[in-house]
$ cat start-v9.cif   # mmCIF, C-alpha atoms
data_work
loop_
_atom_site.label_atom_id
_atom_site.label_comp_id
_atom_site.auth_asym_id
_atom_site.auth_seq_id
_atom_site.Cartn_x
_atom_site.Cartn_y
_atom_site.Cartn_z
CA MET A 133 19.82 -13.84 7.62
CA THR A 134 21.73 -14.69 10.78
CA ALA A 135 20.76 -12.28 13.56
CA THR A 136 23.31 -10.74 15.89
CA LEU A 137 21.12 -11.62 18.88
CA THR A 138 21.60 -15.35 19.33
CA THR A 139 20.93 -16.28 22.93
CA PRO A 140 17.55 -16.84 24.61
CA HIS A 141 18.12 -14.24 27.32
CA VAL A 142 18.83 -11.58 24.68
CA GLN A 143 16.38 -12.33 21.87
CA PRO A 144 12.90 -10.92 22.46
CA LEU A 145 11.48 -13.66 20.23
CA LEU A 146 12.69 -16.33 22.65
CA ARG A 147 11.17 -14.86 25.79
CA GLY A 148 7.94 -16.31 27.15
CA THR A 149 4.66 -14.37 27.06
CA GLU A 150 0.92 -14.72 27.57
CA LEU A 151 -1.82 -14.25 25.01
CA GLY A 152 -4.92 -14.06 27.15
CA ASP A 153 -4.95 -17.42 28.96
CA LEU A 154 -2.50 -18.97 26.48
CA ARG A 155 0.98 -19.20 28.03
CA LEU A 156 3.79 -19.36 25.49
CA PRO A 157 7.44 -20.34 26.16
CA ASN A 158 8.56 -18.19 23.22
CA ARG A 159 7.04 -15.62 20.87
CA VAL A 160 7.63 -17.44 17.58
CA VAL A 161 4.14 -18.31 16.36
CA MET A 162 3.39 -20.65 13.47
CA ALA A 163 0.89 -18.86 11.22
CA PRO A 164 -1.96 -20.71 9.47
CA THR A 165 -0.89 -22.15 6.11
CA THR A 166 -3.25 -24.08 3.85
CA ARG A 167 -1.44 -27.25 2.73
CA GLY A 168 -4.14 -29.45 1.12
CA ARG A 169 -3.22 -32.76 2.77
CA ALA A 170 -6.67 -33.99 3.89
CA THR A 171 -6.99 -36.22 0.83
CA ASN A 172 -9.91 -38.31 2.05
CA GLU A 173 -13.65 -38.10 1.50
CA GLY A 174 -14.39 -37.05 5.08
CA LEU A 175 -11.74 -34.27 5.16
CA VAL A 176 -10.31 -35.86 8.31
CA PRO A 177 -6.81 -34.99 9.59
CA THR A 178 -4.47 -37.95 9.16
CA GLU A 179 -1.19 -39.25 10.56
CA LEU A 180 0.49 -36.96 8.02
CA HIS A 181 -1.05 -33.95 9.78
CA ALA A 182 0.06 -35.30 13.15
CA ALA A 183 3.63 -35.65 11.90
CA TYR A 184 3.64 -32.19 10.31
CA TYR A 185 2.47 -30.34 13.41
CA ALA A 186 4.58 -32.52 15.73
CA GLN A 187 7.70 -31.50 13.82
CA ARG A 188 6.84 -27.84 14.54
CA ALA A 189 5.90 -28.24 18.22
CA GLY A 190 8.79 -25.97 19.24
CA ALA A 191 6.71 -22.95 18.19
CA GLY A 192 5.46 -20.81 21.04
CA LEU A 193 2.02 -21.42 19.54
CA ILE A 194 0.94 -23.36 16.46
CA ILE A 195 -2.10 -22.00 14.67
CA THR A 196 -3.38 -24.64 12.28
CA GLU A 197 -4.38 -24.28 8.69
CA GLY A 198 -7.85 -22.80 8.21
CA THR A 199 -10.38 -25.50 9.10
CA TRP A 200 -13.96 -25.71 7.85
CA VAL A 201 -16.72 -24.98 10.35
CA SER A 202 -19.32 -26.72 8.15
CA GLU A 203 -19.81 -28.26 4.73
CA ARG A 204 -21.24 -24.89 3.61
CA ALA A 205 -17.90 -23.27 4.46
CA ILE A 206 -15.78 -25.31 2.02
CA GLY A 207 -13.92 -23.42 -0.70
CA PHE A 208 -10.57 -25.19 -1.22
CA VAL A 209 -9.71 -28.83 -1.94
CA ASN A 210 -8.31 -31.25 0.65
CA VAL A 211 -8.65 -28.93 3.65
CA PRO A 212 -9.74 -30.60 6.91
CA GLY A 213 -12.92 -29.75 8.77
CA LEU A 214 -14.20 -29.65 12.32
CA TYR A 215 -17.89 -30.39 11.84
CA ARG A 216 -17.94 -34.21 12.16
CA GLU A 217 -16.98 -36.54 14.99
CA GLU A 218 -14.38 -38.36 12.90
CA GLN A 219 -12.71 -34.99 12.29
CA VAL A 220 -12.65 -34.35 16.04
CA ALA A 221 -10.92 -37.71 16.50
CA GLY A 222 -8.40 -36.93 13.76
CA TRP A 223 -7.55 -33.57 15.30
CA ARG A 224 -7.30 -35.20 18.74
CA ARG A 225 -4.45 -37.32 17.42
CA VAL A 226 -2.71 -34.12 16.27
CA THR A 227 -3.16 -32.23 19.55
CA ASP A 228 -2.12 -35.22 21.66
CA VAL A 229 1.18 -35.54 19.80
CA VAL A 230 1.88 -31.79 19.89
CA HIS A 231 1.18 -31.71 23.64
CA ALA A 232 3.34 -34.77 24.26
CA LEU A 233 6.21 -32.82 22.70
CA GLY A 234 5.56 -29.77 24.88
CA GLY A 235 3.75 -27.67 22.28
CA ARG A 236 0.62 -25.55 22.26
CA ILE A 237 -1.84 -25.54 19.36
CA ALA A 238 -4.91 -23.53 18.34
CA VAL A 239 -7.17 -24.16 15.37
CA GLN A 240 -8.11 -21.48 12.88
CA LEU A 241 -11.80 -21.61 11.93
CA TRP A 242 -12.53 -20.85 8.27
CA HIS A 243 -15.53 -20.09 6.04
CA THR A 244 -14.97 -18.99 2.43
CA GLY A 245 -18.49 -17.63 1.80
CA ALA A 246 -18.88 -16.09 -1.66
CA ALA A 247 -15.26 -16.92 -2.53
CA SER A 248 -16.22 -20.60 -2.83
CA HIS A 249 -17.51 -22.28 -6.02
CA PRO A 250 -20.40 -24.63 -6.88
CA ASP A 251 -17.84 -27.38 -7.48
CA HIS A 252 -17.25 -27.48 -3.70
CA LEU A 253 -20.93 -27.37 -2.81
CA GLY A 254 -22.58 -30.12 -4.85
CA GLY A 255 -23.49 -27.66 -7.59
CA GLU A 256 -25.22 -25.18 -5.28
CA LEU A 257 -24.36 -21.51 -5.32
CA PRO A 258 -22.11 -20.24 -2.54
CA ALA A 259 -23.63 -17.65 -0.23
CA GLY A 260 -22.30 -14.27 0.81
CA PRO A 261 -23.46 -11.03 2.35
CA SER A 262 -24.98 -9.86 -0.95
CA ALA A 263 -25.41 -11.15 -4.50
CA VAL A 264 -22.07 -9.67 -5.60
CA ASN A 265 -19.36 -11.72 -7.31
CA PRO A 266 -16.13 -11.23 -5.30
CA ARG A 267 -14.15 -11.85 -8.51
CA GLN A 268 -11.68 -14.24 -6.93
CA ARG A 269 -10.46 -17.71 -7.93
CA SER A 270 -11.35 -20.85 -6.01
CA TYR A 271 -9.05 -23.86 -5.99
CA THR A 272 -11.19 -26.88 -6.93
CA ALA A 273 -10.53 -30.50 -7.82
CA SER A 274 -10.23 -29.37 -11.47
CA GLY A 275 -7.91 -26.48 -10.72
CA PHE A 276 -8.60 -22.82 -10.17
CA ARG A 277 -12.10 -21.67 -11.15
CA ASP A 278 -13.47 -18.14 -11.29
CA THR A 279 -16.01 -17.36 -8.61
CA VAL A 280 -19.65 -16.79 -9.53
CA THR A 281 -22.36 -14.44 -8.32
CA PRO A 282 -23.45 -15.89 -4.95
CA ARG A 283 -26.86 -15.85 -3.38
CA GLU A 284 -27.45 -13.38 -0.58
CA MET A 285 -27.48 -14.99 2.84
CA THR A 286 -30.81 -14.88 4.62
CA PRO A 287 -31.09 -14.03 8.33
CA ALA A 288 -31.54 -17.76 8.92
CA ASP A 289 -28.33 -18.47 6.98
CA ILE A 290 -26.45 -15.98 9.13
CA ALA A 291 -27.81 -17.45 12.36
CA ALA A 292 -26.83 -20.95 11.18
CA THR A 293 -23.32 -19.77 10.29
CA ILE A 294 -22.78 -18.20 13.71
CA ALA A 295 -24.01 -21.46 15.27
CA ASP A 296 -21.60 -23.42 13.04
CA PHE A 297 -18.67 -21.37 14.33
CA GLY A 298 -19.79 -21.92 17.91
CA ALA A 299 -20.23 -25.66 17.39
CA ALA A 300 -16.81 -25.95 15.72
CA SER A 301 -15.27 -24.14 18.69
CA ALA A 302 -16.86 -26.62 21.10
CA ARG A 303 -15.51 -29.48 19.01
CA ALA A 304 -12.08 -27.85 19.05
CA ARG A 305 -12.08 -27.96 22.82
CA ARG A 306 -13.07 -31.63 22.78
CA ALA A 307 -10.34 -32.28 20.22
CA GLY A 308 -7.76 -31.02 22.72
CA PHE A 309 -6.88 -27.66 21.20
CA ASP A 310 -5.56 -24.98 23.55
CA GLY A 311 -7.66 -22.32 21.85
CA VAL A 312 -9.17 -21.18 18.56
CA GLU A 313 -8.56 -18.39 16.08
CA ILE A 314 -11.28 -16.82 13.95
CA GLY A 315 -10.09 -16.33 10.38
CA ALA A 316 -11.59 -12.92 9.54
CA LEU A 317 -9.04 -11.97 6.90
CA GLY A 318 -8.48 -12.07 3.17
CA SER A 319 -11.34 -12.41 0.72
CA PHE A 320 -13.43 -14.85 2.77
CA LEU A 321 -16.82 -14.73 4.46
CA ILE A 322 -16.19 -12.47 7.45
CA ALA A 323 -14.04 -10.10 5.38
CA GLN A 324 -16.84 -10.02 2.80
CA PHE A 325 -19.26 -8.81 5.48
CA LEU A 326 -16.71 -6.17 6.54
CA SER A 327 -16.40 -4.84 2.97
CA PRO A 328 -18.82 -2.13 1.77
CA ARG A 329 -18.12 -3.26 -1.81
CA LEU A 330 -19.51 -6.74 -1.18
CA ASN A 331 -21.86 -6.13 1.73
CA ARG A 332 -24.78 -4.13 0.32
CA ARG A 333 -27.31 -5.31 2.86
CA THR A 334 -29.82 -2.92 4.41
CA ASP A 335 -30.62 -5.03 7.47
CA SER A 336 -28.76 -5.15 10.79
CA TYR A 337 -25.81 -7.01 9.21
CA GLY A 338 -25.08 -4.21 6.74
CA GLY A 339 -26.03 -0.66 5.92
CA ASP A 340 -23.30 1.03 7.96
CA ARG A 341 -19.99 0.28 9.63
CA ALA A 342 -21.61 -1.08 12.80
CA GLY A 343 -23.83 -3.39 10.76
CA ARG A 344 -20.91 -4.72 8.72
CA HIS A 345 -19.01 -5.47 11.95
CA ARG A 346 -21.90 -7.31 13.58
CA LEU A 347 -21.28 -10.78 12.09
CA LEU A 348 -17.70 -10.97 13.35
CA LEU A 349 -18.60 -9.70 16.82
CA GLU A 350 -21.42 -12.25 17.18
CA ILE A 351 -19.09 -15.00 15.96
CA VAL A 352 -16.55 -13.97 18.61
CA GLU A 353 -19.16 -14.39 21.32
CA ALA A 354 -20.32 -17.77 19.95
CA VAL A 355 -16.77 -19.08 19.60
CA ALA A 356 -15.75 -17.90 23.08
CA ALA A 357 -18.76 -19.48 24.82
CA PRO A 358 -17.35 -23.07 25.10
CA TRP A 359 -14.11 -21.88 26.70
CA GLU A 360 -13.13 -20.71 30.17
CA GLY A 361 -11.05 -17.54 30.18
CA ARG A 362 -9.66 -15.91 27.05
CA ARG A 363 -8.63 -18.46 24.43
CA VAL A 364 -10.07 -16.97 21.23
CA GLY A 365 -7.93 -14.98 18.81
CA VAL A 366 -9.06 -12.92 15.81
CA ARG A 367 -7.02 -12.63 12.63
CA LEU A 368 -7.56 -9.50 10.53
CA SER A 369 -5.98 -8.09 7.37
CA PRO A 370 -6.79 -4.35 7.01
CA TYR A 371 -4.26 -4.01 4.19
CA TRP A 372 -5.38 -7.00 2.10
CA THR A 373 -5.44 -6.40 -1.65
CA ALA A 374 -6.76 -9.02 -4.09
CA GLY A 375 -8.49 -7.80 -7.24
CA GLU A 376 -10.68 -4.77 -7.65
CA LEU A 377 -13.14 -5.55 -4.83
CA PHE A 378 -10.53 -6.18 -2.15
CA ARG A 379 -8.13 -3.28 -1.97
CA ALA A 380 -6.53 -1.43 0.89
CA ASP A 381 -7.70 2.10 0.15
CA ASP A 382 -8.08 4.76 2.84
CA ALA A 383 -11.48 3.40 3.90
CA ALA A 384 -10.27 -0.10 4.77
CA PRO A 385 -7.88 0.81 7.59
CA ALA A 386 -10.38 3.36 8.92
CA ASP A 387 -13.09 0.69 9.06
CA HIS A 388 -10.69 -1.63 10.85
CA ASP A 389 -9.75 1.10 13.33
CA ALA A 390 -13.30 1.09 14.66
CA LEU A 391 -13.54 -2.71 14.52
CA VAL A 392 -10.32 -3.26 16.44
CA SER A 393 -11.41 -0.77 19.09
CA GLU A 394 -14.71 -2.64 19.41
CA LEU A 395 -12.88 -5.95 19.92
CA ASN A 396 -11.64 -4.56 23.24
CA HIS A 397 -15.17 -5.06 24.57
CA HIS A 398 -15.34 -8.74 23.61
CA PRO A 399 -13.60 -11.88 25.00
CA VAL A 400 -10.61 -11.81 22.65
CA ALA A 401 -7.31 -13.38 23.78
CA TYR A 402 -5.22 -11.71 21.07
CA LEU A 403 -5.34 -9.87 17.76
CA HIS A 404 -3.41 -11.55 14.93
CA LEU A 405 -2.67 -8.74 12.49
CA ARG A 406 -1.54 -9.34 8.93
CA GLY A 407 0.32 -6.19 7.93
CA PRO A 408 0.85 -4.82 4.42
CA ASP A 409 2.90 -6.75 1.91
CA PRO A 410 6.52 -5.53 1.82
CA ALA A 411 6.94 -2.53 -0.46
CA ALA A 412 9.56 -4.31 -2.59
CA PRO A 413 11.41 -7.65 -2.69
CA GLY A 414 13.76 -7.75 0.28
CA ALA A 415 12.07 -4.82 2.02
CA GLY A 416 11.18 -5.13 5.68
CA PRO A 417 7.68 -5.09 7.19
CA ASP A 418 5.79 -1.82 7.70
CA LEU A 419 6.06 -1.28 11.45
CA ALA A 420 3.97 1.90 11.33
CA ALA A 421 1.05 -0.17 10.08
CA ILE A 422 1.44 -2.52 13.04
CA ALA A 423 1.73 0.44 15.43
CA ARG A 424 -1.59 1.83 14.18
CA TYR A 425 -3.49 -1.12 15.62
CA ARG A 426 -1.25 -1.56 18.64
CA GLU A 427 -2.54 1.83 19.74
CA ARG A 428 -6.16 0.73 19.35
CA PHE A 429 -6.15 -2.82 20.70
CA HIS A 430 -5.60 -3.14 24.44
CA GLY A 431 -4.74 -6.86 24.48
CA PRO A 432 -1.84 -8.93 23.09
CA LEU A 433 -0.98 -8.55 19.41
CA ILE A 434 0.69 -11.00 17.01
CA ALA A 435 2.35 -9.30 14.02
CA ASN A 436 2.49 -11.09 10.67
CA ASN A 437 3.69 -10.71 7.07
CA GLY A 438 7.23 -10.20 5.87
CA PHE A 439 9.07 -10.69 9.16
CA ASP A 440 12.42 -12.41 9.52
CA GLN A 441 14.36 -13.04 12.72
CA GLU A 442 15.84 -9.55 12.91
CA SER A 443 12.62 -7.64 12.24
CA GLY A 444 10.69 -10.02 14.50
CA ASN A 445 13.00 -9.24 17.38
CA ALA A 446 12.79 -5.52 16.56
CA VAL A 447 8.99 -5.27 16.51
CA ILE A 448 8.78 -6.96 19.92
CA GLU A 449 11.64 -4.92 21.39
CA ALA A 450 9.86 -1.75 20.21
CA GLY A 451 6.74 -2.80 22.09
CA LEU A 452 4.63 -2.94 18.92
CA ALA A 453 3.83 -6.66 19.18
CA ASP A 454 3.85 -9.42 21.77
CA ALA A 455 4.66 -12.19 19.28
CA VAL A 456 5.41 -12.64 15.58
CA SER A 457 3.95 -15.30 13.30
CA TYR A 458 5.76 -16.98 10.42
CA ALA A 459 4.24 -19.00 7.59
CA THR A 460 6.68 -19.85 4.78
CA HIS A 461 9.61 -19.97 7.21
CA PHE A 462 7.83 -22.68 9.22
CA ILE A 463 7.00 -24.66 6.08
CA ALA A 464 10.67 -25.16 5.23
CA ASN A 465 12.08 -25.01 8.77
CA PRO A 466 10.25 -27.30 11.18
CA ASP A 467 12.89 -26.39 13.78
CA LEU A 468 12.53 -22.64 13.20
CA VAL A 469 12.78 -21.73 16.89
CA THR A 470 15.99 -23.76 17.24
CA ARG A 471 17.46 -22.08 14.17
CA PHE A 472 16.65 -18.66 15.62
CA ALA A 473 18.15 -19.63 18.98
CA LEU A 474 21.40 -20.95 17.48
CA GLY A 475 21.74 -18.40 14.69
CA ARG A 476 21.40 -20.98 11.90
CA GLU A 477 20.61 -20.14 8.29
CA LEU A 478 17.05 -20.80 7.13
CA ALA A 479 16.04 -23.24 4.41
CA THR A 480 13.73 -22.20 1.57
CA GLY A 481 10.50 -24.01 0.75
CA ASP A 482 9.30 -25.29 -2.62
CA PRO A 483 5.98 -23.64 -3.59
CA ALA A 484 5.35 -26.37 -6.18
CA THR A 485 4.70 -28.80 -3.29
CA TYR A 486 2.48 -26.57 -1.15
CA TYR A 487 -0.86 -28.13 -2.17
CA THR A 488 0.08 -31.48 -3.68
CA GLY A 489 -1.58 -33.66 -1.04
CA GLU A 490 1.55 -35.78 -0.60
CA ALA A 491 4.24 -36.22 2.04
CA GLY A 492 6.86 -34.62 -0.20
CA GLY A 493 7.32 -30.95 0.60
CA TYR A 494 5.28 -31.42 3.78
CA VAL A 495 7.02 -33.60 6.35
CA ASP A 496 10.40 -34.16 4.70
CA TYR A 497 12.14 -30.83 5.40
CA PRO A 498 15.19 -31.64 7.55
CA VAL A 499 16.15 -30.01 10.81
CA SER A 500 19.45 -28.17 10.82
CA GLY A 501 22.56 -30.21 11.55
CA TRP A 502 25.57 -29.41 13.65
CA ALA A 503 27.74 -26.63 12.26
CA GLY A 504 31.01 -26.63 14.12
#
$ encode --input "start-v9.cif" --output "structure tokens"
Amino acid sequence: MTATLTTPHVQPLLRGTELGDLRLPNRVVMAPTTRGRATNEGLVPTELHAAYYAQRAGAGLIITEGTWVSERAIGFVNVPGLYREEQVAGWRRVTDVVHALGGRIAVQLWHTGAASHPDHLGGELPAGPSAVNPRQRSYTASGFRDTVTPREMTPADIAATIADFGAASARARRAGFDGVEIGALGSFLIAQFLSPRLNRRTDSYGGDRAGRHRLLLEIVEAVAAPWEGRRVGVRLSPYWTAGELFRADDAAPADHDALVSELNHHPVAYLHLRGPDPAAPGAGPDLAAIARYRERFHGPLIANNGFDQESGNAVIEAGLADAVSYATHFIANPDLVTRFALGRELATGDPATYYTGEAGGYVDYPVSGWAG
């Protein structure tokens, strides 16, 4: 869709803003998208990653694909990590190129927890908050595999995981990132701890709402420690639905109400909120769902899921969000901000190439040409 607002001084999306101590020249954020291009034994970012993110440096902020905080976190093939020095060096190449082109880039830290599979972990069981199968599917080297019943994490496991997040954050700073985002959404580890269906613990990391929130809040503190100022975002998905154990019933938003309010008391630069899926094909995003958390979170908010140029401008103009993140639009439109600024039509991506591990469908989408 070509928006009617086509000049930088009119479009809210093209105005600068601040997310904590992150200063953005525009409000078009590149959302994390898993692309499966780290096809090497060490899961090190390559020149292909550098090219991919460099092409998209016009974003107000790039948030990278989810990145493993440790070997125990792995739950998807060919995803890069940030737990080894060679990975730090690989990411440094990415951040240097993005910065040379005037961009800003944060890394999303990821741990799949019980949603992993023994195939990723040398045959060992994945670990989660409790010994409850999340009933998801994990993408392995042999294709999608059903998850298994995990082992319950011990207090020592939890302490080690928090330390892994903190160490990955310190490496992110050394790798030249401008900040980090904690991936607390979907069906992965932190979301598992937030869920009363999967978290059946009776210790201080479960038992009630405050206990289920504790892991994320301690991770926030650990991840923020290596940074000066506010450079840590949190991504949440109160409306996530995936199978019978992850569903957005009345309890899920209520639990997230309290969690989001609690985040106000922690060093969070921004809240990255994934809203509900559109009600039908072609339907717009649910702005009331975004407004619910705008009322509760006192800092900057990035809205996500189902936005186009018009609805992105509208949610900012209404004061419900400070920025809007785009995933599939950025896959197929490396020059997305330019297309918004000039009113150009958007290209469509090819889902068949999303996880192939090759350059095709990754760095070969063209920028828009002149349309006289």
$ closest_atom_pairs --input "start-v9.cif" --of "region 146-248 of chain A" --to "region 455-468 of chain A" --cutoff "8 Å" --atoms "all atoms listed in the file" --output "JSON lines"
{"residue": "A:Arg159", "atom": "CA", "partner": "A:Ala455", "partner_atom": "CA", "distance": 4.5}
{"residue": "A:Val160", "atom": "CA", "partner": "A:Val456", "partner_atom": "CA", "distance": 5.7}
{"residue": "A:Val161", "atom": "CA", "partner": "A:Ser457", "partner_atom": "CA", "distance": 4.3}
{"residue": "A:Met162", "atom": "CA", "partner": "A:Tyr458", "partner_atom": "CA", "distance": 5.3}
{"residue": "A:Ala163", "atom": "CA", "partner": "A:Ala459", "partner_atom": "CA", "distance": 4.9}
{"residue": "A:Pro164", "atom": "CA", "partner": "A:Ala459", "partner_atom": "CA", "distance": 6.7}
{"residue": "A:Thr165", "atom": "CA", "partner": "A:Ala459", "partner_atom": "CA", "distance": 6.2}
{"residue": "A:Gln187", "atom": "CA", "partner": "A:Pro466", "partner_atom": "CA", "distance": 5.6}
{"residue": "A:Arg188", "atom": "CA", "partner": "A:Pro466", "partner_atom": "CA", "distance": 4.8}
{"residue": "A:Gly190", "atom": "CA", "partner": "A:Asp467", "partner_atom": "CA", "distance": 6.8}
{"residue": "A:Ala191", "atom": "CA", "partner": "A:Leu468", "partner_atom": "CA", "distance": 7.7}
$ residues_around --input "start-v9.cif" --residues "His181 (chain A)" --least-positions-apart "2" --cutoff "10 Å" --atoms "only C-alpha atoms" --output "number ranges by chain"
A: 167, 169-170, 176-179, 183-187, 196, 212, 222-223, 225-226, 491, 494-495
$ write_last_selection --input "start-v9.cif" --atoms "C-alpha atoms" --output "PDB file, in the coordinates of the input"
ATOM      1  CA  ARG A 167      -1.440 -27.250   2.730  1.00  0.00           C
ATOM      2  CA  ARG A 169      -3.220 -32.760   2.770  1.00  0.00           C
ATOM      3  CA  ALA A 170      -6.670 -33.990   3.890  1.00  0.00           C
ATOM      4  CA  VAL A 176     -10.310 -35.860   8.310  1.00  0.00           C
ATOM      5  CA  PRO A 177      -6.810 -34.990   9.590  1.00  0.00           C
ATOM      6  CA  THR A 178      -4.470 -37.950   9.160  1.00  0.00           C
ATOM      7  CA  GLU A 179      -1.190 -39.250  10.560  1.00  0.00           C
ATOM      8  CA  ALA A 183       3.630 -35.650  11.900  1.00  0.00           C
ATOM      9  CA  TYR A 184       3.640 -32.190  10.310  1.00  0.00           C
ATOM     10  CA  TYR A 185       2.470 -30.340  13.410  1.00  0.00           C
ATOM     11  CA  ALA A 186       4.580 -32.520  15.730  1.00  0.00           C
ATOM     12  CA  GLN A 187       7.700 -31.500  13.820  1.00  0.00           C
ATOM     13  CA  THR A 196      -3.380 -24.640  12.280  1.00  0.00           C
ATOM     14  CA  PRO A 212      -9.740 -30.600   6.910  1.00  0.00           C
ATOM     15  CA  GLY A 222      -8.400 -36.930  13.760  1.00  0.00           C
ATOM     16  CA  TRP A 223      -7.550 -33.570  15.300  1.00  0.00           C
ATOM     17  CA  ARG A 225      -4.450 -37.320  17.420  1.00  0.00           C
ATOM     18  CA  VAL A 226      -2.710 -34.120  16.270  1.00  0.00           C
ATOM     19  CA  ALA A 491       4.240 -36.220   2.040  1.00  0.00           C
ATOM     20  CA  TYR A 494       5.280 -31.420   3.780  1.00  0.00           C
ATOM     21  CA  VAL A 495       7.020 -33.600   6.350  1.00  0.00           C
TER      22      VAL A 495
END
$ closest_residue --input "start-v9.cif" --among "A:Pro144, A:Gly213, A:Gly475, A:Gly192" --to "Gly451 (chain A)" --atoms "all atoms listed in the file"
A:Pro144
$ atom_distance --input "start-v9.cif" --atom1 "CA of Arg224 (chain A)" --atom2 "CA of Thr171 (chain A)"
17.9 Å
$ residues_around --input "start-v9.cif" --residues "region 362-374 of chain A" --least-positions-apart "6" --cutoff "7 Å" --atoms "all atoms listed in the file" --output "ChimeraX atom specification"
/A:152-154,311-318,356,380,384-385,388,399-408
$ write_last_selection --input "start-v9.cif" --atoms "C-alpha atoms" --output "CSV table (one decimal), in the coordinates of the input"
chain,number,residue,atom,x,y,z
A,152,GLY,CA,-4.9,-14.1,27.2
A,153,ASP,CA,-5.0,-17.4,29.0
A,154,LEU,CA,-2.5,-19.0,26.5
A,311,GLY,CA,-7.7,-22.3,21.8
A,312,VAL,CA,-9.2,-21.2,18.6
A,313,GLU,CA,-8.6,-18.4,16.1
A,314,ILE,CA,-11.3,-16.8,14.0
A,315,GLY,CA,-10.1,-16.3,10.4
A,316,ALA,CA,-11.6,-12.9,9.5
A,317,LEU,CA,-9.0,-12.0,6.9
A,318,GLY,CA,-8.5,-12.1,3.2
A,356,ALA,CA,-15.8,-17.9,23.1
A,380,ALA,CA,-6.5,-1.4,0.9
A,384,ALA,CA,-10.3,-0.1,4.8
A,385,PRO,CA,-7.9,0.8,7.6
A,388,HIS,CA,-10.7,-1.6,10.8
A,399,PRO,CA,-13.6,-11.9,25.0
A,400,VAL,CA,-10.6,-11.8,22.6
A,401,ALA,CA,-7.3,-13.4,23.8
A,402,TYR,CA,-5.2,-11.7,21.1
A,403,LEU,CA,-5.3,-9.9,17.8
A,404,HIS,CA,-3.4,-11.6,14.9
A,405,LEU,CA,-2.7,-8.7,12.5
A,406,ARG,CA,-1.5,-9.3,8.9
A,407,GLY,CA,0.3,-6.2,7.9
A,408,PRO,CA,0.8,-4.8,4.4
$ closest_residue --input "start-v9.cif" --among "A:Leu474, A:Ile448, A:Val239, A:Leu349" --to "Gly148 (chain A)" --atoms "all atoms listed in the file"
A:Ile448
$ atom_distance --input "start-v9.cif" --atom1 "CA of Arg204 (chain A)" --atom2 "CA of Ile434 (chain A)"
29.2 Å
$ resolve_selection --input "start-v9.cif" --expression "the PyMOL selection byres ((chain A and resi 502) around 12)" --output "list of chain:residue names"
A:Thr470, A:Arg471, A:Leu474, A:Gly475, A:Arg476, A:Glu477, A:Val499, A:Ser500, A:Gly501, A:Ala503, A:Gly504
$ atom_distance --input "start-v9.cif" --atom1 "CA of Gly361 (chain A)" --atom2 "CA of Glu394 (chain A)"
18.7 Å
$ residues_near_point --input "start-v9.cif" --point "(-13.7, -19.4, 6.9)" --cutoff "10 Å" --atoms "all atoms listed in the file" --output "MDAnalysis selection string"
chainID A and resid 198:202 204:207 240:245 247 297 314:323
$ resolve_selection --input "start-v9.cif" --expression "the PyMOL selection byres ((chain A and resi 289) around 12)" --output "ChimeraX atom specification"
/A:204-205,245,258-261,283-288,290-296,337,347
$ closest_residue --input "start-v9.cif" --among "A:Thr166, A:Thr149, A:Asn158, A:Ser443" --to "Val469 (chain A)" --atoms "all atoms listed in the file"
A:Asn158
$ closest_residue --input "start-v9.cif" --among "A:Ala354, A:Ala390, A:Ala307, A:Ala299" --to "Arg341 (chain A)" --atoms "only C-alpha atoms"
A:Ala390
$ closest_residue --input "start-v9.cif" --among "A:Thr480, A:Thr488, A:Asn172, A:Ser262" --to "Gly275 (chain A)" --atoms "all atoms listed in the file"
A:Thr488
$ resolve_selection --input "start-v9.cif" --expression "the PyMOL selection byres ((chain A and resi 273) around 9)" --output "count of residues only"
10
$ decode --input "start-v9.cif" --residues "region 472-485 of chain A" --atoms "C-alpha atoms" --output "compact mmCIF listing (two decimals), in the first residue's frame"
# COMPACT_ATOMS: atom_id res chain seq x y z
CA PHE A 472 8.24 4.52 2.98
CA ALA A 473 9.80 7.95 2.46
CA LEU A 474 9.21 7.97 -1.31
CA GLY A 475 5.86 6.18 -1.31
CA ARG A 476 7.16 3.16 -3.26
CA GLU A 477 5.37 -0.17 -3.45
CA LEU A 478 6.76 -2.99 -1.31
CA ALA A 479 8.19 -6.24 -2.61
CA THR A 480 7.06 -9.61 -1.23
CA GLY A 481 9.45 -12.18 0.21
CA ASP A 482 9.71 -15.88 -0.61
CA PRO A 483 9.11 -18.00 2.53
CA ALA A 484 10.71 -21.01 0.82
CA THR A 485 14.10 -19.27 1.16
